[in-house]
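Visitor: Here you go, model08.pdb (PDB, C-alpha atoms):
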ATOM      1  CA  MET A   1       7.458 -32.661  -8.349
ATOM      2  CA  ASN A   2      10.871 -31.310  -9.335
ATOM      3  CA  PRO A   3      11.566 -27.568  -9.528
ATOM      4  CA  GLY A   4      12.088 -27.608 -13.313
ATOM      5  CA  THR A   5       8.586 -28.913 -13.902
ATOM      6  CA  LYS A   6       7.199 -26.389 -11.426
ATOM      7  CA  LEU A   7       8.976 -23.566 -13.204
ATOM      8  CA  ILE A   8       7.538 -24.583 -16.564
ATOM      9  CA  GLN A   9       4.059 -24.855 -15.046
ATOM     10  CA  GLY A  10       4.515 -21.349 -13.656
ATOM     11  CA  ILE A  11       5.646 -19.931 -16.974
ATOM     12  CA  LYS A  12       2.691 -21.592 -18.711
ATOM     13  CA  ALA A  13       0.277 -20.092 -16.183
ATOM     14  CA  GLY A  14       1.873 -16.664 -16.595
ATOM     15  CA  PHE A  15       1.798 -16.755 -20.377
ATOM     16  CA  PRO A  16      -1.835 -15.672 -20.931
ATOM     17  CA  ILE A  17      -1.202 -12.736 -18.605
ATOM     18  CA  ALA A  18       1.930 -11.711 -20.504
ATOM     19  CA  LEU A  19      -0.056 -12.015 -23.722
ATOM     20  CA  SER A  20      -2.736  -9.632 -22.479
ATOM     21  CA  TYR A  21      -0.192  -7.245 -20.949
ATOM     22  CA  PHE A  22       1.994  -6.960 -24.029
ATOM     23  CA  PRO A  23      -0.196  -4.785 -26.313
ATOM     24  CA  ILE A  24      -1.346  -2.654 -23.379
ATOM     25  CA  ALA A  25       2.279  -2.108 -22.362
ATOM     26  CA  ILE A  26       3.162  -1.135 -25.934
ATOM     27  CA  ALA A  27       0.417   1.470 -25.805
ATOM     28  CA  PHE A  28       1.698   2.660 -22.443
ATOM     29  CA  GLY A  29       5.286   2.972 -23.687
ATOM     30  CA  ALA A  30       4.100   4.953 -26.689
ATOM     31  CA  LEU A  31       1.900   7.210 -24.554
ATOM     32  CA  ALA A  32       4.686   7.861 -22.038
ATOM     33  CA  VAL A  33       7.225   8.861 -24.685
ATOM     34  CA  GLN A  34       4.616  10.949 -26.503
ATOM     35  CA  SER A  35       4.008  12.656 -23.150
ATOM     36  CA  ARG A  36       7.656  13.731 -23.110
ATOM     37  CA  LEU A  37       9.081  11.051 -20.842
ATOM     38  CA  THR A  38      12.372   9.696 -22.165
ATOM     39  CA  TRP A  39      12.522   6.072 -23.257
ATOM     40  CA  VAL A  40      14.602   5.290 -20.157
ATOM     41  CA  GLU A  41      12.037   6.926 -17.859
ATOM     42  CA  ALA A  42       9.130   5.103 -19.478
ATOM     43  CA  THR A  43      10.887   1.751 -19.195
ATOM     44  CA  LEU A  44      12.069   2.482 -15.654
ATOM     45  CA  MET A  45       8.486   3.199 -14.623
ATOM     46  CA  SER A  46       7.345  -0.218 -15.812
ATOM     47  CA  LEU A  47      10.404  -1.849 -14.208
ATOM     48  CA  ILE A  48       9.959  -0.429 -10.708
ATOM     49  CA  VAL A  49       6.313   0.676 -10.444
ATOM     50  CA  TYR A  50       4.768  -2.229 -12.369
ATOM     51  CA  ALA A  51       1.107  -1.281 -11.971
ATOM     52  CA  GLY A  52      -0.787  -0.742 -15.192
ATOM     53  CA  ALA A  53      -3.652   1.535 -14.181
ATOM     54  CA  SER A  54      -1.452   3.698 -11.940
ATOM     55  CA  GLN A  55       1.108   4.165 -14.680
ATOM     56  CA  PHE A  56      -1.484   5.405 -17.170
ATOM     57  CA  VAL A  57      -2.926   7.738 -14.538
ATOM     58  CA  GLY A  58       0.548   8.914 -13.482
ATOM     59  CA  VAL A  59       1.593   9.818 -17.014
ATOM     60  CA  SER A  60      -1.675  11.615 -17.758
ATOM     61  CA  MET A  61      -1.326  13.599 -14.536
ATOM     62  CA  LEU A  62       2.265  14.521 -15.422
ATOM     63  CA  LEU A  63       1.066  15.722 -18.785
ATOM     64  CA  ALA A  64      -1.687  17.753 -17.133
ATOM     65  CA  GLY A  65       0.940  19.445 -14.959
ATOM     66  CA  ALA A  66      -0.023  17.861 -11.619
ATOM     67  CA  GLY A  67       2.417  18.084  -8.719
ATOM     68  CA  ALA A  68       4.650  15.174  -7.702
ATOM     69  CA  ALA A  69       2.973  14.719  -4.295
ATOM     70  CA  GLN A  70      -0.471  14.718  -5.905
ATOM     71  CA  ILE A  71       0.529  11.987  -8.338
ATOM     72  CA  VAL A  72       2.172   9.835  -5.666
ATOM     73  CA  ILE A  73      -0.805  10.072  -3.309
ATOM     74  CA  THR A  74      -3.235   9.193  -6.109
ATOM     75  CA  THR A  75      -1.070   6.164  -6.885
ATOM     76  CA  LEU A  76      -1.141   5.048  -3.251
ATOM     77  CA  PHE A  77      -4.937   5.129  -3.165
ATOM     78  CA  LEU A  78      -5.266   3.402  -6.528
ATOM     79  CA  ASN A  79      -3.169   0.516  -5.201
ATOM     80  CA  MET A  80      -4.720  -0.083  -1.790
ATOM     81  CA  ARG A  81      -6.443  -3.171  -3.142
ATOM     82  CA  HIS A  82      -3.012  -4.790  -3.522
ATOM     83  CA  LEU A  83      -2.789  -4.810   0.275
ATOM     84  CA  ILE A  84      -5.751  -7.172   0.447
ATOM     85  CA  MET A  85      -4.454  -9.322  -2.403
ATOM     86  CA  SER A  86      -1.021  -9.517  -0.805
ATOM     87  CA  LEU A  87      -2.610 -10.670   2.440
ATOM     88  CA  VAL A  88      -4.154 -13.633   0.627
ATOM     89  CA  VAL A  89      -1.050 -14.482  -1.394
ATOM     90  CA  ASN A  90       1.289 -14.223   1.592
ATOM     91  CA  ASP A  91      -1.041 -16.446   3.585
ATOM     92  CA  GLN A  92      -0.316 -19.071   0.928
ATOM     93  CA  MET A  93       3.427 -18.268   0.900
ATOM     94  CA  ARG A  94       3.914 -18.665   4.675
ATOM     95  CA  ASP A  95       6.558 -21.369   4.276
ATOM     96  CA  PHE A  96       8.624 -19.468   1.710
ATOM     97  CA  PRO A  97      11.986 -17.980   2.780
ATOM     98  CA  GLN A  98      11.576 -14.294   3.734
ATOM     99  CA  ALA A  99      13.646 -12.996   0.796
ATOM    100  CA  TRP A 100      11.374 -14.862  -1.650
ATOM    101  CA  LYS A 101       8.279 -13.399  -0.010
ATOM    102  CA  ASN A 102       9.677  -9.870  -0.251
ATOM    103  CA  LEU A 103      10.552 -10.339  -3.907
ATOM    104  CA  LEU A 104       7.419 -12.164  -5.025
ATOM    105  CA  SER A 105       5.130  -9.678  -3.270
ATOM    106  CA  PHE A 106       6.376  -7.113  -5.774
ATOM    107  CA  GLY A 107       4.853  -9.208  -8.555
ATOM    108  CA  ILE A 108       1.281  -9.085  -7.221
ATOM    109  CA  THR A 109      -1.106  -7.517  -9.733
ATOM    110  CA  ASP A 110      -4.848  -7.972 -10.318
ATOM    111  CA  GLU A 111      -4.038 -10.549 -12.967
ATOM    112  CA  THR A 112      -1.246 -12.523 -11.251
ATOM    113  CA  PHE A 113      -3.373 -12.559  -8.098
ATOM    114  CA  ALA A 114      -6.324 -14.006  -9.987
ATOM    115  CA  MET A 115      -4.154 -16.613 -11.691
ATOM    116  CA  LEU A 116      -2.349 -17.624  -8.479
ATOM    117  CA  THR A 117      -5.488 -18.024  -6.412
ATOM    118  CA  LEU A 118      -8.088 -19.283  -8.897
ATOM    119  CA  GLY A 119      -6.185 -20.272 -12.015
ATOM    120  CA  GLY A 120      -4.010 -23.123 -13.107
ATOM    121  CA  SER A 121      -5.175 -26.625 -13.811
ATOM    122  CA  ASP A 122      -6.933 -28.590 -11.087
ATOM    123  CA  ASP A 123      -3.832 -30.554 -10.151
ATOM    124  CA  ILE A 124      -1.945 -27.321  -9.450
ATOM    125  CA  GLN A 125      -4.795 -25.754  -7.536
ATOM    126  CA  ASP A 126      -4.888 -28.526  -4.982
ATOM    127  CA  GLN A 127      -1.197 -28.162  -4.232
ATOM    128  CA  GLN A 128       0.551 -25.566  -2.164
ATOM    129  CA  LEU A 129       2.236 -22.711  -4.001
ATOM    130  CA  THR A 130       5.989 -23.130  -4.400
ATOM    131  CA  PRO A 131       8.527 -20.323  -4.823
ATOM    132  CA  VAL A 132       9.597 -21.580  -8.247
ATOM    133  CA  TYR A 133       6.057 -21.876  -9.631
ATOM    134  CA  THR A 134       5.114 -18.442  -8.310
ATOM    135  CA  ALA A 135       8.312 -16.886  -9.658
ATOM    136  CA  GLY A 136       7.741 -18.461 -13.087
ATOM    137  CA  LEU A 137       4.189 -17.123 -13.263
ATOM    138  CA  MET A 138       5.043 -13.643 -12.042
ATOM    139  CA  GLY A 139       8.301 -13.382 -13.974
ATOM    140  CA  THR A 140       6.536 -14.189 -17.238
ATOM    141  CA  ALA A 141       3.850 -11.566 -16.651
ATOM    142  CA  TYR A 142       6.494  -9.011 -15.622
ATOM    143  CA  LEU A 143       8.544  -9.665 -18.763
ATOM    144  CA  GLY A 144       5.477  -9.109 -20.909
ATOM    145  CA  TRP A 145       4.809  -5.751 -19.260
ATOM    146  CA  VAL A 146       8.388  -4.439 -19.280
ATOM    147  CA  SER A 147       9.297  -5.628 -22.780
ATOM    148  CA  GLY A 148       6.062  -4.222 -24.178
ATOM    149  CA  THR A 149       6.773  -0.831 -22.612
ATOM    150  CA  ALA A 150      10.319  -0.753 -23.981
ATOM    151  CA  LEU A 151       9.062  -1.638 -27.445
ATOM    152  CA  GLY A 152       6.205   0.862 -27.373
ATOM    153  CA  GLY A 153       8.576   3.610 -26.254
ATOM    154  CA  LEU A 154      10.867   2.877 -29.185
ATOM    155  CA  GLY A 155       8.019   3.075 -31.680
ATOM    156  CA  ALA A 156       6.329   6.066 -30.070
ATOM    157  CA  SER A 157       6.481   8.118 -33.243
ATOM    158  CA  PHE A 158       4.183   5.775 -35.148
ATOM    159  CA  ILE A 159       2.352   3.601 -32.574
ATOM    160  CA  PRO A 160      -1.097   4.824 -31.475
ATOM    161  CA  SER A 161      -1.305   5.082 -27.694
ATOM    162  CA  ASP A 162      -5.048   4.528 -27.395
ATOM    163  CA  LEU A 163      -6.092   1.375 -25.633
ATOM    164  CA  THR A 164      -8.336  -0.374 -28.105
ATOM    165  CA  THR A 165     -11.561  -2.004 -27.024
ATOM    166  CA  ALA A 166     -10.065  -5.377 -27.945
ATOM    167  CA  MET A 167      -7.147  -4.965 -25.516
ATOM    168  CA  LYS A 168      -9.480  -4.106 -22.664
ATOM    169  CA  VAL A 169     -11.852  -6.953 -23.449
ATOM    170  CA  GLY A 170      -8.869  -9.315 -23.361
ATOM    171  CA  LEU A 171      -8.264  -8.488 -19.698
ATOM    172  CA  TYR A 172     -11.928  -9.022 -18.844
ATOM    173  CA  GLY A 173     -11.787 -12.315 -20.708
ATOM    174  CA  LEU A 174      -8.893 -13.295 -18.458
ATOM    175  CA  PHE A 175     -10.800 -12.344 -15.303
ATOM    176  CA  ILE A 176     -14.026 -14.070 -16.354
ATOM    177  CA  GLY A 177     -12.176 -17.140 -17.601
ATOM    178  CA  LEU A 178     -10.449 -17.447 -14.235
ATOM    179  CA  LEU A 179     -13.526 -16.838 -12.096
ATOM    180  CA  VAL A 180     -16.121 -19.043 -13.770
ATOM    181  CA  PRO A 181     -14.594 -22.555 -13.490
ATOM    182  CA  PRO A 182     -13.993 -22.536  -9.708
ATOM    183  CA  ALA A 183     -17.152 -20.509  -8.972
ATOM    184  CA  ARG A 184     -19.189 -23.158 -10.776
ATOM    185  CA  LYS A 185     -18.126 -25.745  -8.234
ATOM    186  CA  SER A 186     -19.366 -23.783  -5.254
ATOM    187  CA  ILE A 187     -22.640 -21.908  -5.037
ATOM    188  CA  ASN A 188     -21.274 -20.058  -2.000
ATOM    189  CA  PHE A 189     -18.245 -18.668  -3.804
ATOM    190  CA  ALA A 190     -20.344 -17.862  -6.863
ATOM    191  CA  GLY A 191     -22.711 -15.958  -4.589
ATOM    192  CA  ILE A 192     -19.819 -14.009  -3.095
ATOM    193  CA  ALA A 193     -18.612 -12.997  -6.563
ATOM    194  CA  LEU A 194     -22.130 -11.888  -7.556
ATOM    195  CA  ALA A 195     -22.611  -9.966  -4.323
ATOM    196  CA  SER A 196     -19.302  -8.212  -4.938
ATOM    197  CA  MET A 197     -20.426  -7.193  -8.438
ATOM    198  CA  MET A 198     -23.667  -5.702  -7.133
ATOM    199  CA  LEU A 199     -21.948  -3.983  -4.229
ATOM    200  CA  ASN A 200     -19.301  -2.522  -6.551
ATOM    201  CA  ALA A 201     -21.952  -1.218  -8.953
ATOM    202  CA  LEU A 202     -23.753   0.471  -6.052
ATOM    203  CA  LEU A 203     -20.642   1.913  -4.409
ATOM    204  CA  GLY A 204     -19.399   3.116  -7.781
ATOM    205  CA  GLN A 205     -22.307   5.568  -7.836
ATOM    206  CA  VAL A 206     -20.868   7.488  -4.900
ATOM    207  CA  LEU A 207     -17.145   6.611  -4.741
ATOM    208  CA  ASP A 208     -14.335   6.568  -7.276
ATOM    209  CA  SER A 209     -13.794   3.136  -8.777
ATOM    210  CA  GLY A 210     -10.611   2.359  -6.808
ATOM    211  CA  TRP A 211     -12.323   2.645  -3.428
ATOM    212  CA  ALA A 212     -15.507   1.036  -4.671
ATOM    213  CA  ILE A 213     -13.520  -2.079  -5.605
ATOM    214  CA  VAL A 214     -11.743  -2.201  -2.232
ATOM    215  CA  LEU A 215     -14.948  -1.799  -0.208
ATOM    216  CA  ALA A 216     -16.981  -4.171  -2.371
ATOM    217  CA  THR A 217     -14.246  -6.793  -1.943
ATOM    218  CA  VAL A 218     -14.095  -6.408   1.831
ATOM    219  CA  GLY A 219     -17.882  -6.428   2.107
ATOM    220  CA  ALA A 220     -18.589  -9.385  -0.163
ATOM    221  CA  ALA A 221     -15.789 -11.464   1.352
ATOM    222  CA  SER A 222     -17.282 -10.828   4.799
ATOM    223  CA  LEU A 223     -20.347 -12.617   3.519
ATOM    224  CA  GLY A 224     -18.036 -15.619   3.199
ATOM    225  CA  ILE A 225     -17.492 -15.680   6.971
ATOM    226  CA  LEU A 226     -21.220 -16.302   7.390
ATOM    227  CA  ILE A 227     -21.931 -18.764   4.601
ATOM    228  CA  ILE A 228     -18.778 -20.862   4.169
ATOM    229  CA  ARG A 229     -18.534 -24.043   6.183
ATOM    230  CA  GLU A 230     -15.179 -25.716   6.782
ATOM    231  CA  PRO A 231     -13.851 -27.477   4.788
ATOM    232  CA  GLU A 232     -15.035 -26.043   1.499
TER     233      GLU A 232
ATOM    234  CA  MET B   1      14.244  15.593 -12.386
ATOM    235  CA  LYS B   2      10.597  15.917 -11.393
ATOM    236  CA  ILE B   3       9.742  12.909 -13.505
ATOM    237  CA  LEU B   4      12.352  10.788 -11.756
ATOM    238  CA  VAL B   5      11.020  11.845  -8.340
ATOM    239  CA  VAL B   6       7.502  10.930  -9.422
ATOM    240  CA  ILE B   7       8.600   7.523 -10.712
ATOM    241  CA  ILE B   8      10.497   6.656  -7.535
ATOM    242  CA  GLY B   9       7.665   7.947  -5.356
ATOM    243  CA  MET B  10       5.142   5.881  -7.307
ATOM    244  CA  ALA B  11       7.401   2.827  -7.005
ATOM    245  CA  ILE B  12       7.554   3.177  -3.207
ATOM    246  CA  VAL B  13       3.814   3.633  -2.646
ATOM    247  CA  THR B  14       3.050   0.771  -5.031
ATOM    248  CA  TYR B  15       5.467  -1.654  -3.392
ATOM    249  CA  LEU B  16       4.509  -0.840   0.230
ATOM    250  CA  PRO B  17       0.975  -2.273   0.187
ATOM    251  CA  ARG B  18       2.285  -5.320  -1.662
ATOM    252  CA  LEU B  19       5.144  -5.824   0.803
ATOM    253  CA  LEU B  20       3.454  -5.150   4.141
ATOM    254  CA  PRO B  21       1.746  -8.570   4.542
ATOM    255  CA  ALA B  22       5.022 -10.329   3.642
ATOM    256  CA  LEU B  23       6.721  -8.683   6.616
ATOM    257  CA  PHE B  24       4.316  -9.473   9.422
ATOM    258  CA  LEU B  25       2.137 -12.364   8.331
ATOM    259  CA  ASP B  26       4.268 -15.278   9.566
ATOM    260  CA  ARG B  27       4.065 -13.911  13.121
ATOM    261  CA  VAL B  28       0.282 -14.074  13.105
ATOM    262  CA  LYS B  29      -1.978 -17.089  13.322
ATOM    263  CA  PHE B  30      -5.385 -16.225  11.958
ATOM    264  CA  PRO B  31      -8.613 -17.400  13.594
ATOM    265  CA  ALA B  32     -10.875 -19.677  11.549
ATOM    266  CA  TRP B  33     -13.331 -16.939  10.612
ATOM    267  CA  PHE B  34     -10.512 -14.843   9.162
ATOM    268  CA  GLU B  35      -9.297 -17.775   7.076
ATOM    269  CA  LYS B  36     -12.808 -18.010   5.619
ATOM    270  CA  TRP B  37     -12.627 -14.321   4.808
ATOM    271  CA  LEU B  38      -9.264 -14.768   3.081
ATOM    272  CA  LYS B  39     -10.621 -17.739   1.116
ATOM    273  CA  SER B  40     -13.501 -15.604  -0.121
ATOM    274  CA  ILE B  41     -11.300 -12.707  -1.223
ATOM    275  CA  PRO B  42     -10.330 -14.031  -4.690
ATOM    276  CA  TYR B  43     -13.993 -14.425  -5.660
ATOM    277  CA  ALA B  44     -14.896 -11.023  -4.259
ATOM    278  CA  VAL B  45     -11.937  -9.325  -5.981
ATOM    279  CA  LEU B  46     -12.714 -10.883  -9.349
ATOM    280  CA  GLY B  47     -16.385 -10.001  -9.085
ATOM    281  CA  ALA B  48     -15.560  -6.367  -8.359
ATOM    282  CA  LEU B  49     -12.911  -6.196 -11.073
ATOM    283  CA  ILE B  50     -15.303  -7.589 -13.689
ATOM    284  CA  PHE B  51     -18.494  -5.668 -12.988
ATOM    285  CA  PRO B  52     -19.416  -3.002 -13.872
ATOM    286  CA  GLY B  53     -15.982  -2.357 -15.456
ATOM    287  CA  VAL B  54     -16.683  -4.727 -18.329
ATOM    288  CA  LEU B  55     -19.508  -2.451 -19.481
ATOM    289  CA  LEU B  56     -17.059   0.410 -19.916
ATOM    290  CA  VAL B  57     -14.610  -1.120 -22.401
ATOM    291  CA  GLU B  58     -16.164   1.132 -25.006
ATOM    292  CA  LYS B  59     -17.560   4.363 -23.653
ATOM    293  CA  ASP B  60     -21.229   4.906 -24.581
ATOM    294  CA  GLN B  61     -21.510   1.279 -25.758
ATOM    295  CA  PRO B  62     -22.164  -0.812 -22.635
ATOM    296  CA  LEU B  63     -23.798  -3.529 -24.747
ATOM    297  CA  LEU B  64     -20.513  -4.130 -26.544
ATOM    298  CA  GLY B  65     -18.675  -4.872 -23.297
ATOM    299  CA  LEU B  66     -21.627  -6.935 -22.114
ATOM    300  CA  ALA B  67     -21.459  -9.062 -25.275
ATOM    301  CA  GLY B  68     -17.727  -9.644 -24.741
ATOM    302  CA  GLY B  69     -18.309 -10.574 -21.113
ATOM    303  CA  ILE B  70     -21.147 -12.980 -21.915
ATOM    304  CA  THR B  71     -19.024 -14.614 -24.619
ATOM    305  CA  ALA B  72     -16.187 -15.113 -22.120
ATOM    306  CA  PHE B  73     -18.667 -16.515 -19.597
ATOM    307  CA  PHE B  74     -20.001 -19.199 -21.925
ATOM    308  CA  LEU B  75     -16.560 -20.090 -23.252
ATOM    309  CA  ALA B  76     -15.332 -20.444 -19.666
ATOM    310  CA  LEU B  77     -18.159 -22.914 -18.984
ATOM    311  CA  LEU B  78     -16.650 -25.174 -21.643
ATOM    312  CA  ASN B  79     -13.452 -25.571 -19.593
ATOM    313  CA  ILE B  80     -11.256 -24.578 -22.518
ATOM    314  CA  HIS B  81      -7.874 -22.928 -22.097
ATOM    315  CA  ILE B  82      -7.922 -19.393 -20.719
ATOM    316  CA  THR B  83      -6.174 -18.024 -23.820
ATOM    317  CA  LEU B  84      -9.080 -19.237 -25.947
ATOM    318  CA  VAL B  85     -11.592 -17.607 -23.608
ATOM    319  CA  MET B  86      -9.761 -14.306 -24.036
ATOM    320  CA  ALA B  87      -9.429 -14.725 -27.791
ATOM    321  CA  GLY B  88     -13.118 -15.589 -28.157
ATOM    322  CA  ALA B  89     -14.245 -12.477 -26.303
ATOM    323  CA  ILE B  90     -11.892 -10.303 -28.362
ATOM    324  CA  VAL B  91     -13.055 -11.782 -31.681
ATOM    325  CA  VAL B  92     -16.746 -11.324 -30.845
ATOM    326  CA  VAL B  93     -16.214  -7.716 -29.814
ATOM    327  CA  ILE B  94     -14.191  -6.890 -32.924
ATOM    328  CA  LEU B  95     -16.822  -8.480 -35.178
ATOM    329  CA  LEU B  96     -19.637  -6.625 -33.409
ATOM    330  CA  GLN B  97     -17.729  -3.357 -33.678
ATOM    331  CA  PHE B  98     -17.201  -3.948 -37.356
ATOM    332  CA  TYR B  99     -20.709  -5.003 -38.302
ATOM    333  CA  ILE B 100     -23.123  -3.443 -35.832
ATOM    334  CA  PHE B 101     -21.784  -0.715 -33.585
TER     335      PHE B 101
END
Show this structure as structure tokens.

Guide:
Amino acid sequence: MNPGTKLIQGIKAGFPIALSYFPIAIAFGALAVQSRLTWVEATLMSLIVYAGASQFVGVSMLLAGAGAAQIVITTLFLNMRHLIMSLVVNDQMRDFPQAWKNLLSFGITDETFAMLTLGGSDDIQDQQLTPVYTAGLMGTAYLGWVSGTALGGLGASFIPSDLTTAMKVGLYGLFIGLLVPPARKSINFAGIALASMMLNALLGQVLDSGWAIVLATVGAASLGILIIREPE
Amino acid sequence: MKILVVIIGMAIVTYLPRLLPALFLDRVKFPAWFEKWLKSIPYAVLGALIFPGVLLVEKDQPLLGLAGGITAFFLALLNIHITLVMAGAIVVVILLQFYIF
């Protein structure tokens, strides 16, 4: 398939993510500027940090007067799950040129990860990832996040910065919509997802949610070593 | 100044975990059991991201999030486009908020 078609497929796959990012990013831009960041700082944060939850936490901590080191360390822990996701994505990008891998790894988020590994139509899923498809998907999501932040920062004086229930449900709709179709085809993978939910609910009683997600993921995926037979 | 330091620091510690596997992975050949583990990760990640987080979309109203999640689940069974799954969950939650909660 030619690169142009691949690019368009990537952009199409990234579009629902951009759509769900956009209003959340507007709220973030508004919150950041209301918290006394300049418009440039707010936009820069989305440009180079590009991690939704961490950015909200970072800005709230700034507002609360937390120290720089404290904020940075919290961010590191919040994002440890990206290490695991990047492991999976880079396993699928083995044949990409190194520069592409370095660049595209920056674009790994919960949502792009889910779309890259489980999403797309069946004909895409059976093929190997290509640099152009991956770049189209990630670039579209990234644009949604950055442009939303810039816009929200501009309208900070009149845009409410609260995340509405609808915005949050949209993200869960994305996750559920991506998980259900492939999990339906394999009782083993469906079982792993369910085990991870239960494990996360249990661990969440004693750990903060960032670590609970990491440990539940590692634990439930280990179940896969026992129950998955090659080739699945 | 402090804000700029924080932003750059956050950018570094966010990129590092994303970048690390890109730097060393092509030098490693994974054993079969590890490949099975990697294959299972997307399902495990999504499970943990969805639950119990979906119950918390509206504090003190776990049933509202549950209703949105169940709506998305059934819409996803229909194999419709992901955007429609998202839209359906959002519409149900907004209607419930308006009429019941």

Visitor: Determine the residue membership of the PyMOL selection byres ((chain A and resi 144) around 10) for the file above and supply it as a PyMOL selection string.

Guide: chain A and resi 14-26+138-143+145-149

Visitor: Point out the residue among A:Leu223, A:Ser186, A:Arg94, A:Ser46 with the least atom-to-atom distance to Lys29 of chain B, counting all atoms listed in the file.

Guide: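 Ranking A:Leu223, A:Ser186, A:Arg94, A:Ser46 by distance to Lys29 of chain B, first place goes to A:Arg94.
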
Visitor: Could you tell me how far atom CA of Lys101 of chain A sits from atom CA of Pro3 of chain A, in Å to one decimal place?

Guide: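 Going from atom CA of Pro3 of chain A over to atom CA of Lys101 of chain A, I get 17.4 Å.
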
Visitor: Residues of chain B were defined as contacting chain A if any atom lay at most 6 Å from it, counting only C-alpha atoms; please report them as a PyMOL selection string.

Guide: chain B and resi 6-7+9-11+13+17-19+21-22+26+33+36-38+40-41+43-45+47-48+51-52+57-58+72+76+82-83+86+90

Visitor: When you look at Ser161 of chain A with a cut-off of 10 Å (counting all atoms listed in the file), what residues show up, excluding the ones that are within fewer than 4 positions of it in the same chain? I need them as a list in words.

Guide: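 Surrounding residues, per the criterion: Ile24, Ala25, Ile26, Ala27, Phe28, Gly29, Ala30, Leu31, Ala32, Val33, Gln34, Gly152 and Ala156 of chain A.
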
Visitor: Could you list the residues chosen by the PyMOL selection byres ((chain B and resi 64-68) around 8) in this structure as an MDAnalysis selection string?

Guide: (chainID A and resid 169 173) or (chainID B and resid 54:58 61:63 69:72 89:90 92:93 96:97 101)

Visitor: Near Val132 of chain A, within 10 Å and counting all atoms listed in the file, which residues show up once chain neighbours fewer than 6 positions away are dropped, as a compact mmCIF listing (two decimals) with C-alpha atoms, in the coordinates of the input?

Guide:
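Contents of the output file part-v3.txt:
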# COMPACT_ATOMS: atom_id res chain seq x y z
CA ASN A 2 10.87 -31.31 -9.34
CA PRO A 3 11.57 -27.57 -9.53
CA GLY A 4 12.09 -27.61 -13.31
CA THR A 5 8.59 -28.91 -13.90
CA LYS A 6 7.20 -26.39 -11.43
CA LEU A 7 8.98 -23.57 -13.20
CA ILE A 8 7.54 -24.58 -16.56
CA GLN A 9 4.06 -24.86 -15.05
CA GLY A 10 4.51 -21.35 -13.66
CA ILE A 11 5.65 -19.93 -16.97
CA TRP A 100 11.37 -14.86 -1.65
CA MET A 138 5.04 -13.64 -12.04

Visitor: How many Å lie between atom CA of Lys12 of chain A and atom CA of Gly136 of chain A, rounded to one decimal?

Guide: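 A separation of 8.2 Å between them.
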
Visitor: Just to confirm, what's the straight-line distance from atom CA of Leu75 of chain B to atom CA of Leu95 of chain B in Å (one decimal)?

Guide: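 Taking atom CA of Leu75 of chain B as the start and atom CA of Leu95 of chain B as the end point, the length is 16.6 Å.
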